[in-house]
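J.: File name coords-v3.txt; file contents compact mmCIF, C-alpha atoms (C1' of nucleotides); full text below.
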# COMPACT_ATOMS: atom_id res chain seq x y z
CA MET A 1 -13.59 -4.05 21.00
CA ARG A 2 -10.74 -6.32 19.95
CA GLY A 3 -9.48 -8.63 17.19
CA ALA A 4 -11.54 -8.94 14.03
CA ARG A 5 -14.19 -6.50 15.22
CA LEU A 6 -11.61 -3.85 15.90
CA ARG A 7 -10.02 -4.40 12.53
CA ALA A 8 -13.36 -4.04 10.77
CA ALA A 9 -14.19 -0.88 12.69
CA VAL A 10 -10.83 0.71 11.90
CA LEU A 11 -11.03 -0.19 8.22
CA GLU A 12 -14.52 1.21 7.98
CA ALA A 13 -13.51 4.39 9.75
CA THR A 14 -10.52 4.73 7.43
CA ILE A 15 -12.66 4.49 4.30
CA ALA A 16 -15.18 6.89 5.76
CA ARG A 17 -12.45 9.40 6.53
CA ILE A 18 -10.86 9.08 3.10
CA GLU A 19 -14.20 9.67 1.43
CA SER A 20 -15.12 12.63 3.60
CA VAL A 21 -11.91 14.63 3.97
CA GLY A 22 -9.66 13.01 1.35
CA ILE A 23 -6.68 10.74 1.80
CA GLU A 24 -4.35 13.62 2.55
CA ASP A 25 -6.20 14.85 5.60
CA THR A 26 -6.87 11.42 6.97
CA ARG A 27 -5.08 11.36 10.34
CA ILE A 28 -4.77 8.13 12.15
CA ALA A 29 -5.73 9.94 15.34
CA ASP A 30 -9.08 10.76 13.75
CA ILE A 31 -9.52 7.21 12.54
CA ALA A 32 -8.85 5.91 16.03
CA GLN A 33 -11.39 8.25 17.57
CA MET A 34 -14.00 7.46 14.93
CA ALA A 35 -13.47 3.73 15.41
CA GLY A 36 -13.70 4.18 19.16
CA ILE A 37 -10.30 2.64 19.83
CA HIS A 38 -6.85 3.89 20.76
CA GLU A 39 -4.25 5.21 18.34
CA THR A 40 -1.67 2.77 19.59
CA SER A 41 -3.77 -0.21 18.55
CA ILE A 42 -3.58 0.97 14.96
CA TYR A 43 0.16 1.36 15.00
CA ARG A 44 0.67 -2.02 16.61
CA ARG A 45 -1.45 -3.80 14.04
CA TRP A 46 -0.63 -1.89 10.84
CA LYS A 47 2.75 -0.41 11.70
CA THR A 48 2.54 2.52 9.26
CA ARG A 49 -0.09 4.82 7.83
CA PRO A 50 0.40 3.71 4.20
CA ARG A 51 -0.15 0.10 5.20
CA LEU A 52 -3.41 0.94 6.88
CA LEU A 53 -4.59 2.96 3.93
CA VAL A 54 -3.69 0.27 1.44
CA ASP A 55 -5.29 -2.41 3.59
CA ALA A 56 -8.49 -0.40 3.88
CA LEU A 57 -8.59 0.50 0.20
CA LEU A 58 -7.78 -3.06 -0.82
CA THR A 59 -10.41 -4.62 1.42
CA HIS A 60 -12.96 -2.07 0.34
CA THR A 61 -12.35 -2.74 -3.35
CA GLU A 62 -11.78 -6.47 -3.31
CA ARG A 63 -15.23 -7.27 -4.63
CA SER A 64 -16.45 -6.35 -8.09
CA VAL A 65 -13.83 -7.08 -10.69
CA PRO A 66 -16.35 -7.76 -13.43
CA VAL A 67 -14.72 -9.22 -16.51
CA PRO A 68 -17.17 -8.64 -19.33
CA ASP A 69 -17.91 -11.29 -21.95
CA THR A 70 -19.81 -9.69 -24.79
CA GLY A 71 -18.41 -11.91 -27.53
CA SER A 72 -16.20 -9.12 -28.85
CA VAL A 73 -12.70 -8.39 -27.66
CA ARG A 74 -13.11 -4.77 -28.54
CA GLN A 75 -16.27 -4.37 -26.53
CA ASP A 76 -14.89 -6.42 -23.66
CA LEU A 77 -11.79 -4.24 -23.45
CA ILE A 78 -13.82 -1.04 -23.72
CA ASP A 79 -16.17 -2.19 -20.98
CA PHE A 80 -13.39 -3.39 -18.73
CA PHE A 81 -11.28 -0.27 -18.98
CA THR A 82 -14.24 2.07 -18.89
CA ASP A 83 -15.15 0.47 -15.59
CA LEU A 84 -11.58 0.78 -14.40
CA ALA A 85 -11.45 4.39 -15.55
CA ALA A 86 -14.64 5.10 -13.63
CA PHE A 87 -13.23 3.51 -10.50
CA VAL A 88 -9.99 5.34 -10.87
CA SER A 89 -11.89 8.61 -11.18
CA THR A 90 -13.58 8.24 -7.82
CA PRO A 91 -11.88 9.73 -4.77
CA THR A 92 -11.29 6.27 -3.37
CA GLY A 93 -10.00 4.95 -6.67
CA ALA A 94 -7.62 7.82 -7.24
CA ALA A 95 -6.53 7.57 -3.64
CA PHE A 96 -5.76 3.93 -4.18
CA VAL A 97 -3.74 4.45 -7.33
CA ARG A 98 -1.80 7.35 -5.85
CA GLY A 99 -1.79 6.05 -2.33
CA THR A 100 -0.12 2.81 -3.24
CA VAL A 101 2.58 4.79 -4.93
CA VAL A 102 3.23 6.90 -1.89
CA SER A 103 4.41 3.87 -0.01
CA GLU A 104 7.69 4.05 -1.85
CA THR A 105 10.10 1.51 -0.43
CA ASP A 106 7.80 -0.37 1.90
CA PRO A 107 8.07 -4.09 1.00
CA GLU A 108 4.66 -4.91 2.47
CA VAL A 109 2.80 -2.26 0.55
CA GLU A 110 4.87 -3.04 -2.50
CA ALA A 111 3.68 -6.65 -2.35
CA ALA A 112 0.04 -5.75 -1.75
CA ARG A 113 0.10 -3.31 -4.61
CA ARG A 114 1.67 -5.79 -7.01
CA GLU A 115 -0.78 -8.46 -5.96
CA PHE A 116 -3.71 -6.15 -6.59
CA TRP A 117 -2.66 -5.25 -10.10
CA THR A 118 -1.41 -8.64 -11.19
CA GLU A 119 -4.68 -10.17 -10.03
CA ARG A 120 -6.64 -7.70 -12.07
CA ILE A 121 -4.39 -8.16 -15.06
CA SER A 122 -4.55 -11.93 -14.98
CA LYS A 123 -8.31 -11.87 -14.58
CA ALA A 124 -8.67 -9.58 -17.55
CA GLY A 125 -6.35 -11.85 -19.49
CA VAL A 126 -9.25 -14.14 -20.32
CA ILE A 127 -10.61 -11.36 -22.50
CA LEU A 128 -7.60 -11.73 -24.74
CA ASP A 129 -7.66 -15.51 -24.50
CA ARG A 130 -11.27 -15.69 -25.59
CA GLY A 131 -10.55 -13.28 -28.39
CA ARG A 132 -7.69 -15.40 -29.60
CA SER A 133 -9.75 -18.56 -29.64
CA ARG A 134 -12.35 -16.64 -31.60
CA GLY A 135 -9.73 -15.65 -34.14
CA GLU A 136 -10.02 -11.94 -33.29
CA VAL A 137 -6.57 -11.71 -31.82
CA ALA A 138 -3.25 -12.77 -33.34
CA ASP A 139 -1.58 -15.79 -31.77
CA GLY A 140 1.65 -14.02 -30.89
CA THR A 141 -0.12 -11.39 -28.80
CA ASP A 142 1.06 -10.94 -25.22
CA PRO A 143 -2.04 -10.36 -23.06
CA GLU A 144 0.00 -8.85 -20.26
CA LEU A 145 1.59 -6.30 -22.56
CA VAL A 146 -1.79 -5.24 -23.91
CA LEU A 147 -3.34 -4.96 -20.46
CA PHE A 148 -0.40 -3.10 -18.97
CA THR A 149 -0.32 -0.73 -21.91
CA LEU A 150 -4.00 0.12 -21.58
CA GLY A 151 -3.78 0.18 -17.79
CA GLY A 152 -0.72 2.38 -17.96
CA LEU A 153 -2.63 4.97 -19.92
CA LEU A 154 -5.24 5.24 -17.18
CA HIS A 155 -2.54 5.24 -14.58
CA ILE A 156 -0.50 8.04 -16.05
CA TYR A 157 -3.65 10.11 -16.41
CA VAL A 158 -4.48 9.80 -12.76
CA THR A 159 -0.98 10.30 -11.43
CA HIS A 160 0.51 12.82 -13.81
CA ILE A 161 -2.19 14.48 -15.82
CA GLY A 162 -4.92 14.82 -13.27
CA ALA A 163 -7.54 15.21 -15.95
CA PRO A 164 -10.65 13.02 -15.76
CA LEU A 165 -9.92 11.31 -19.10
CA PRO A 166 -12.89 11.38 -21.48
CA GLU A 167 -14.60 8.12 -22.36
CA ALA A 168 -13.55 8.53 -25.97
CA THR A 169 -9.96 8.08 -24.88
CA VAL A 170 -10.59 4.56 -23.68
CA VAL A 171 -12.28 3.65 -26.95
CA ASN A 172 -9.52 5.25 -28.96
CA ALA A 173 -6.83 3.52 -26.96
CA VAL A 174 -8.53 0.15 -27.36
CA ASP A 175 -8.81 0.67 -31.09
CA LEU A 176 -5.23 1.79 -31.26
CA VAL A 177 -4.02 -1.34 -29.57
CA LEU A 178 -6.57 -3.64 -31.14
CA ASP A 179 -5.72 -2.91 -34.73
CA GLY A 180 -2.27 -4.17 -33.99
CA MET A 181 -3.66 -7.34 -32.58
CA LYS A 182 -6.08 -8.42 -35.23
CA ALA A 183 -5.21 -11.64 -36.99
CA GLY A 184 -5.38 -9.92 -40.35
CA ALA A 185 -2.86 -7.23 -39.36
CA PRO A 186 0.58 -7.32 -41.01
CA SER A 187 3.29 -7.48 -38.33
CA ALA A 188 1.78 -7.91 -34.90
CA GLY A 189 4.47 -8.80 -32.47
CA MET B 1 25.53 33.03 0.64
CA ARG B 2 22.26 34.38 -0.70
CA GLY B 3 19.99 34.53 -3.74
CA ALA B 4 20.97 32.53 -6.80
CA ARG B 5 24.12 31.15 -5.22
CA LEU B 6 22.15 29.80 -2.30
CA ARG B 7 19.60 28.24 -4.58
CA ALA B 8 22.29 26.51 -6.61
CA ALA B 9 24.01 25.21 -3.48
CA VAL B 10 20.77 23.83 -2.06
CA LEU B 11 19.77 22.17 -5.32
CA GLU B 12 23.19 20.58 -5.65
CA ALA B 13 23.11 19.35 -2.08
CA THR B 14 19.64 17.94 -2.63
CA ILE B 15 20.70 15.92 -5.67
CA ALA B 16 23.81 14.73 -3.85
CA ARG B 17 21.73 13.59 -0.91
CA ILE B 18 19.19 11.82 -3.11
CA GLU B 19 21.91 9.96 -4.92
CA SER B 20 23.77 8.94 -1.78
CA VAL B 21 21.04 7.99 0.70
CA GLY B 22 17.96 7.80 -1.53
CA ILE B 23 15.00 10.14 -1.77
CA GLU B 24 13.33 8.65 1.28
CA ASP B 25 16.13 9.42 3.70
CA THR B 26 16.78 12.87 2.33
CA ARG B 27 16.09 15.25 5.25
CA ILE B 28 15.96 18.91 4.59
CA ALA B 29 18.02 19.44 7.75
CA ASP B 30 20.82 17.45 6.12
CA ILE B 31 20.47 19.38 2.89
CA ALA B 32 20.71 22.67 4.76
CA GLN B 33 23.83 21.59 6.59
CA MET B 34 25.43 20.24 3.43
CA ALA B 35 24.67 23.46 1.58
CA GLY B 36 26.03 25.50 4.48
CA ILE B 37 22.82 27.44 5.00
CA HIS B 38 19.98 27.44 7.48
CA GLU B 39 16.97 25.15 7.36
CA THR B 40 14.57 28.09 7.48
CA SER B 41 15.93 29.47 4.22
CA ILE B 42 14.83 26.31 2.46
CA TYR B 43 11.33 26.43 3.86
CA ARG B 44 10.93 30.09 3.03
CA ARG B 45 11.99 29.60 -0.57
CA TRP B 46 10.52 26.18 -1.40
CA LYS B 47 7.74 25.94 1.17
CA THR B 48 7.57 22.13 1.20
CA ARG B 49 9.89 19.17 0.84
CA PRO B 50 8.21 17.79 -2.30
CA ARG B 51 8.61 21.13 -4.02
CA LEU B 52 12.30 21.21 -3.28
CA LEU B 53 12.78 17.66 -4.47
CA VAL B 54 10.86 18.26 -7.67
CA ASP B 55 12.71 21.50 -8.33
CA ALA B 56 16.06 19.80 -7.81
CA LEU B 57 15.16 16.78 -9.92
CA LEU B 58 13.67 18.97 -12.62
CA THR B 59 16.64 21.30 -12.80
CA HIS B 60 19.01 18.37 -12.76
CA THR B 61 17.21 16.62 -15.63
CA GLU B 62 16.17 19.55 -17.76
CA ARG B 63 18.83 18.97 -20.37
CA SER B 64 18.91 15.97 -22.69
CA VAL B 65 15.53 15.25 -24.18
CA PRO B 66 16.88 13.86 -27.43
CA VAL B 67 14.17 13.30 -30.01
CA PRO B 68 15.59 10.84 -32.54
CA ASP B 69 15.10 11.24 -36.28
CA THR B 70 16.09 8.04 -38.00
CA GLY B 71 13.62 8.30 -40.84
CA SER B 72 11.44 5.56 -39.38
CA VAL B 73 8.62 6.13 -36.87
CA ARG B 74 9.16 2.68 -35.46
CA GLN B 75 12.83 3.21 -34.82
CA ASP B 76 12.27 6.73 -33.54
CA LEU B 77 9.70 5.52 -31.04
CA ILE B 78 11.89 2.60 -29.96
CA ASP B 79 14.87 4.89 -29.46
CA PHE B 80 12.90 7.52 -27.63
CA PHE B 81 11.19 5.18 -25.21
CA THR B 82 14.27 3.04 -24.70
CA ASP B 83 16.05 6.19 -23.61
CA LEU B 84 13.15 7.11 -21.38
CA ALA B 85 13.08 3.60 -19.95
CA ALA B 86 16.78 3.84 -19.19
CA PHE B 87 16.34 7.17 -17.44
CA VAL B 88 13.39 5.91 -15.49
CA SER B 89 15.44 2.92 -14.36
CA THR B 90 18.10 5.06 -12.70
CA PRO B 91 17.68 5.95 -9.02
CA THR B 92 17.20 9.60 -9.92
CA GLY B 93 14.78 8.79 -12.69
CA ALA B 94 12.68 6.45 -10.59
CA ALA B 95 12.80 8.97 -7.78
CA PHE B 96 11.52 11.59 -10.14
CA VAL B 97 8.65 9.51 -11.47
CA ARG B 98 7.63 8.34 -8.03
CA GLY B 99 8.59 11.55 -6.33
CA THR B 100 6.31 13.60 -8.48
CA VAL B 101 3.53 11.27 -7.52
CA VAL B 102 4.20 11.75 -3.84
CA SER B 103 3.24 15.38 -4.12
CA GLU B 104 -0.42 14.48 -4.14
CA THR B 105 -2.56 17.57 -3.97
CA ASP B 106 0.08 20.28 -4.14
CA PRO B 107 -0.87 22.65 -6.98
CA GLU B 108 2.70 23.82 -7.52
CA VAL B 109 4.16 20.36 -7.82
CA GLU B 110 1.15 19.33 -9.85
CA ALA B 111 1.94 22.09 -12.32
CA ALA B 112 5.65 21.30 -12.47
CA ARG B 113 4.92 17.66 -13.02
CA ARG B 114 2.41 18.32 -15.77
CA GLU B 115 4.78 20.76 -17.42
CA PHE B 116 7.57 18.21 -17.37
CA TRP B 117 5.53 15.49 -19.03
CA THR B 118 3.61 17.62 -21.46
CA GLU B 119 6.87 19.15 -22.62
CA ARG B 120 8.32 15.72 -23.25
CA ILE B 121 5.13 14.55 -24.91
CA SER B 122 4.88 17.53 -27.19
CA LYS B 123 8.55 17.28 -28.11
CA ALA B 124 8.13 13.63 -28.99
CA GLY B 125 5.04 14.53 -30.99
CA VAL B 126 7.23 15.49 -33.93
CA ILE B 127 8.08 11.82 -34.29
CA LEU B 128 4.47 11.11 -35.12
CA ASP B 129 4.15 14.23 -37.26
CA ARG B 130 7.14 13.26 -39.37
CA GLY B 131 5.79 9.75 -39.67
CA ARG B 132 2.46 11.04 -40.87
CA SER B 133 4.03 13.26 -43.49
CA ARG B 134 6.02 10.23 -44.60
CA GLY B 135 2.81 8.23 -44.95
CA GLU B 136 3.80 5.80 -42.22
CA VAL B 137 1.10 6.91 -39.85
CA ALA B 138 -2.63 7.22 -40.48
CA ASP B 139 -4.03 10.74 -40.62
CA GLY B 140 -6.54 10.30 -37.84
CA THR B 141 -3.87 9.28 -35.34
CA ASP B 142 -3.71 11.21 -32.08
CA PRO B 143 -0.01 11.72 -31.21
CA GLU B 144 -0.79 12.45 -27.59
CA LEU B 145 -2.75 9.23 -27.18
CA VAL B 146 0.08 7.19 -28.64
CA LEU B 147 2.71 8.88 -26.51
CA PHE B 148 0.70 8.67 -23.31
CA THR B 149 -0.08 5.03 -23.97
CA LEU B 150 3.57 4.14 -24.43
CA GLY B 151 4.63 6.40 -21.59
CA GLY B 152 1.98 4.92 -19.37
CA LEU B 153 3.45 1.48 -19.84
CA LEU B 154 6.82 2.65 -18.59
CA HIS B 155 5.16 4.53 -15.80
CA ILE B 156 3.11 1.66 -14.48
CA TYR B 157 6.18 -0.52 -14.53
CA VAL B 158 8.14 1.87 -12.36
CA THR B 159 5.38 2.69 -9.94
CA HIS B 160 3.51 -0.57 -9.61
CA ILE B 161 5.59 -3.40 -10.94
CA GLY B 162 9.05 -2.37 -9.86
CA ALA B 163 10.65 -4.62 -12.42
CA PRO B 164 13.33 -3.12 -14.70
CA LEU B 165 11.31 -3.79 -17.86
CA PRO B 166 13.27 -5.63 -20.58
CA GLU B 167 14.14 -3.83 -23.77
CA ALA B 168 12.01 -6.25 -25.74
CA THR B 169 8.96 -4.86 -24.01
CA VAL B 170 9.54 -1.42 -25.49
CA VAL B 171 9.91 -2.88 -28.95
CA ASN B 172 6.83 -5.04 -28.54
CA ALA B 173 4.79 -2.14 -27.22
CA VAL B 174 5.86 0.07 -30.12
CA ASP B 175 4.94 -2.63 -32.59
CA LEU B 176 1.65 -3.19 -30.85
CA VAL B 177 0.72 0.44 -31.08
CA LEU B 178 2.30 1.01 -34.47
CA ASP B 179 0.37 -1.63 -36.35
CA GLY B 180 -2.79 0.17 -35.40
CA MET B 181 -1.42 3.38 -36.81
CA LYS B 182 -0.23 2.31 -40.22
CA ALA B 183 -2.02 3.88 -43.11
CA GLY B 184 -2.91 0.46 -44.48
CA ALA B 185 -4.61 -0.63 -41.27
CA PRO B 186 -8.41 -0.95 -41.31
CA SER B 187 -9.92 1.13 -38.50
CA ALA B 188 -7.33 3.31 -36.85
CA GLY B 189 -9.19 5.90 -35.00
C1' DC C 1 -16.11 -21.28 34.86
C1' DG C 2 -11.20 -20.26 36.08
C1' DG C 3 -6.65 -19.41 33.94
C1' DT C 4 -3.50 -17.86 30.40
C1' DT C 5 -1.94 -14.68 27.01
C1' DA C 6 -2.04 -11.97 23.29
C1' DT C 7 -4.24 -7.69 22.53
C1' DC C 8 -5.63 -3.24 23.92
C1' DG C 9 -5.65 1.42 26.66
C1' DC C 10 -2.82 4.92 28.31
C1' DA C 11 1.05 8.03 29.08
C1' DA C 12 5.25 9.86 27.81
C1' DG C 13 8.48 10.67 24.47
C1' DT C 14 11.19 10.83 19.74
C1' DC C 15 11.69 12.60 15.14
C1' DG C 16 11.09 15.23 11.05
C1' DA C 17 8.27 18.52 8.42
C1' DC C 18 6.83 23.07 8.75
C1' DT C 19 5.79 27.92 11.03
C1' DT C 20 6.70 32.39 13.18
C1' DG C 21 8.75 36.47 15.20
C1' DC C 22 12.74 39.13 15.45
C1' DG C 23 17.31 40.59 14.79
C1' DT C 24 20.93 40.91 11.14
C1' DT C 25 23.20 41.48 6.77
C1' DA C 26 24.02 41.01 1.88
C1' DG C 27 23.73 43.52 -2.24
C1' DG C 28 21.56 46.46 -5.47
C1' DA C 29 19.76 51.58 -6.10
C1' DG C 30 21.04 56.10 -6.10
C1' DC D 1 30.05 55.10 -0.49
C1' DT D 2 25.54 55.13 1.88
C1' DC D 3 20.97 53.65 2.44
C1' DC D 4 17.19 50.46 2.10
C1' DT D 5 14.94 46.34 1.77
C1' DA D 6 14.36 41.71 0.81
C1' DA D 7 16.68 37.63 2.11
C1' DC D 8 18.90 35.11 5.62
C1' DG D 9 20.20 33.24 10.60
C1' DC D 10 18.40 31.81 14.82
C1' DA D 11 15.30 30.30 18.48
C1' DA D 12 11.19 28.49 19.93
C1' DG D 13 7.24 26.13 18.98
C1' DT D 14 3.34 23.28 16.48
C1' DC D 15 1.72 19.08 14.47
C1' DG D 16 1.38 14.40 13.00
C1' DA D 17 3.65 9.95 12.37
C1' DC D 18 5.58 6.47 15.06
C1' DT D 19 7.73 4.08 19.47
C1' DT D 20 7.93 2.09 24.10
C1' DG D 21 6.95 0.43 28.73
C1' DC D 22 3.41 -0.99 31.77
C1' DG D 23 -0.95 -2.05 33.59
C1' DA D 24 -5.55 -3.95 32.31
C1' DT D 25 -8.79 -7.10 30.03
C1' DA D 26 -11.11 -9.56 26.48
C1' DA D 27 -11.32 -13.94 24.40
C1' DC D 28 -10.05 -18.54 23.48
C1' DC D 29 -8.64 -23.03 25.97
C1' DG D 30 -9.40 -26.38 28.80
Show how you would write the structure in this file as structure tokens.
T.:
Amino acid sequence: MRGARLRAAVLEATIARIESVGIEDTRIADIAQMAGIHETSIYRRWKTRPRLLVDALLTHTERSVPVPDTGSVRQDLIDFFTDLAAFVSTPTGAAFVRGTVVSETDPEVEAARREFWTERISKAGVILDRGRSRGEVADGTDPELVLFTLGGLLHIYVTHIGAPLPEATVVNAVDLVLDGMKAGAPSAG
Amino acid sequence: MRGARLRAAVLEATIARIESVGIEDTRIADIAQMAGIHETSIYRRWKTRPRLLVDALLTHTERSVPVPDTGSVRQDLIDFFTDLAAFVSTPTGAAFVRGTVVSETDPEVEAARREFWTERISKAGVILDRGRSRGEVADGTDPELVLFTLGGLLHIYVTHIGAPLPEATVVNAVDLVLDGMKAGAPSAG
DNA sequence: CGGTTATCGCAAGTCGACTTGCGTTAGGAG
DNA sequence: CTCCTAACGCAAGTCGACTTGCGATAACCG
């Protein structure tokens, strides 16, 4: 076992461990044993535990960033953030949100984390763009601000509230933000 | 040195260490030495490092939660969150926001963290209440949702973006949220 | 198919968080 | 002022993250 095969095995073992015992009790010694390789190989390739966790979580989540297109900004935003809320409510999702934060001052993890979110944000940006071309959204609206604001709500729930966040909250938040974005609204921006 | 005096000395040493070498390089052995007490005393009283850090940060920040009252919801919100943004941009502030996240699955820290934020949120809630009684804010508005949404924006910036967040962003975010709250707005709820 | 080399296995060790058992003393109760 | 007990000092040890030096080999290259 070496190279790409080893990497795949370790990543798979990492995800398996996170999902079975939680991210806290995921020892790299256990991962190594489960992957059938030596502990040292992990440290030489990933350097630190946070990096391995982020790499595993990132690789495991890369797929499936469905950006809805229902013809309504409101519905698109609700769908998108309901999906995100669902993901963030799973053990893996919560682990990812919190786990990336744990890294603290690690430049590598910092970069990976930023990349992950900015990618998601920019992809979701088309929701706002389509809405604007449809006349649903005011011209001066900053897509990034809207997305970060909505995303921040989910984020603070996971990291500081701990509560599962009812679906109604997403709808309410979208409406809250949306009514300030509608073309007919008085002073949006 | 014992009891309350010991506690004060340890807390002071902890803050000093955080501010001089950063939260990452703050060893409890160093804190013990700086406070002139033994390492064991810290572990017996605080149990874990995160708990000590949170306690120190919390005690050190307890004061000064100024809730503005300018007569305008918009200005009140801008002032409040600009202050919060400033705090969160300081080393201690960022350490607190991120540090509380580090705690992960510790019930004690979880509780302290929740208490900290809910206290702030509830205190700031009067801003919305005053606004509603003034007719600036729609009746159906959920103060908590608004506060968490705005707070979440700051939070995601600190934890995932890392950027200092320009003052304009606070203003824009307040306007974004506010225009969905105004009594004249169509569907705020 | 033989040679090169980066990658891996293995052992031994560092470092910091955290625990435990026991002796000692501060500091309040009476 | 004396006694009592919870709080502290100290030593020794556990555990997991992370490092390092060296021998072994898998995998690509020719």
J.: Looking at all atoms listed in the file, which of B:Arg45, B:Val73, B:Ile23, B:Val126 is the one that sits closest to chain A?
T.: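 Using all atoms listed in the file, chain A sits closest to B:Ile23.
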J.: Would you mind reading off the distance between CA of Thr149 (chain B) and CA of Leu153 (chain A), one decimal, in Å?
T.: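 Between CA of Thr149 (chain B) and CA of Leu153 (chain A) the gap is 4.8 Å.
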J.: CA of Ala16 (chain A) to CA of Leu165 (chain A): how many Å, to one decimal?
T.: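 CA of Leu165 (chain A) lies at a distance of 25.8 Å from CA of Ala16 (chain A).
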J.: Go through A:Gly152, A:Pro143, A:Gly131, A:Pro166 and flag the residue nearest Ser72 (chain A), using all atoms listed in the file for the distances.
T.: A:Gly131
J.: Least-squares fit chain B onto chain A by Cα, in order, and just send back the RMSD.
T.: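 Pairing the C-alpha atoms in order and fitting gives 0.3 Å.
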J.: As an exercise, work out the distance from C1' of DC18 (chain D) to CA of Thr159 (chain A) in Å and give it to one decimal place.
T.: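 Taking C1' of DC18 (chain D) as the start and CA of Thr159 (chain A) as the end point, the length is 27.6 Å.
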J.: Can you check which residues of chain B have any atom within 10 Å of chain C? Use only C-alpha atoms (C1' of nucleotides) and format it as an NGL selection string.
T.: :B and (1-3 or 27-29 or 40 or 43-44 or 47-49)
J.: May I ask which of the residues A:Gly93, A:Glu24, A:Arg5, A:Ala86 is the closest one to chain B, counting all atoms listed in the file?
T.: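 Closest residue, counting all atoms listed in the file: A:Glu24.
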J.: Given the choices B:Pro66, B:Pro50, B:Gly71, B:Gly36, which gets closest to chain A if the distance is worked out from all atoms listed in the file?
T.: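 Looking at the shortest contact to chain A, the residue is B:Pro50.
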J.: Could you check which of B:Thr82, B:Thr92, B:Ser20, B:Ser41 is closest to chain D, using only C-alpha atoms (C1' of nucleotides)?
T.: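 Looking at the shortest contact to chain D, the residue is B:Ser41.
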J.: Check every residue of chain D for an atom within 10 Å of chain B, counting only C-alpha atoms (C1' of nucleotides), and provide those that qualify as a PyMOL selection string.
T.: chain D and resi 7-10
J.: As AutoDock Vina command-line options, what would the box around region 3-22 of chain D look like: edges along x, y and z, 3 Å added on every side, centre and edge lengths in Å to one decimal?
T.:
--center_x 11.2 --center_y 26.3 --center_z 16.3 --size_x 25.6 --size_y 60.6 --size_z 37.0
J.: Rank nothing, just name the residue among A:Leu84, A:Ile156, A:Ala95, A:Ala138 nearest to Arg113 (chain B), using all atoms listed in the file.
T.: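 Selected residue with least distance to Arg113 (chain B): A:Ile156.
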J.: Glu167 (chain B): which residues within 12 Å, counting all atoms listed in the file, same-chain residues fewer than 6 positions away excluded, as a VMD selection string?
T.: chain B and resid 78 to 79 81 to 86 89 154 173 to 174
J.: Is there a way to complete region 47-58 of chain B with N, CA and C atoms and then write that out as a short mmCIF file (atom, residue, chain, number, x, y, z; two decimals), in the frame of the given file?
T.:
data_model
loop_
_atom_site.label_atom_id
_atom_site.label_comp_id
_atom_site.auth_asym_id
_atom_site.auth_seq_id
_atom_site.Cartn_x
_atom_site.Cartn_y
_atom_site.Cartn_z
N LYS B 47 8.98 26.25 0.47
CA LYS B 47 7.74 25.94 1.17
C LYS B 47 7.66 24.49 1.68
N THR B 48 7.69 23.52 0.77
CA THR B 48 7.57 22.13 1.20
C THR B 48 8.68 21.25 0.64
N ARG B 49 8.87 20.13 1.26
CA ARG B 49 9.89 19.17 0.84
C ARG B 49 9.67 18.67 -0.59
N PRO B 50 8.45 18.24 -0.93
CA PRO B 50 8.21 17.79 -2.30
C PRO B 50 8.60 18.82 -3.35
N ARG B 51 8.29 20.08 -3.06
CA ARG B 51 8.61 21.13 -4.02
C ARG B 51 10.11 21.25 -4.24
N LEU B 52 10.84 21.15 -3.16
CA LEU B 52 12.30 21.21 -3.28
C LEU B 52 12.82 20.04 -4.10
N LEU B 53 12.33 18.86 -3.77
CA LEU B 53 12.78 17.66 -4.47
C LEU B 53 12.47 17.75 -5.96
N VAL B 54 11.24 18.15 -6.27
CA VAL B 54 10.86 18.26 -7.67
C VAL B 54 11.70 19.30 -8.38
N ASP B 55 11.91 20.44 -7.73
CA ASP B 55 12.71 21.50 -8.33
C ASP B 55 14.12 21.00 -8.62
N ALA B 56 14.70 20.32 -7.65
CA ALA B 56 16.06 19.80 -7.81
C ALA B 56 16.13 18.78 -8.94
N LEU B 57 15.20 17.84 -8.90
CA LEU B 57 15.16 16.78 -9.92
C LEU B 57 14.93 17.37 -11.30
N LEU B 58 14.02 18.34 -11.36
CA LEU B 58 13.67 18.97 -12.62
C LEU B 58 14.86 19.72 -13.20
#
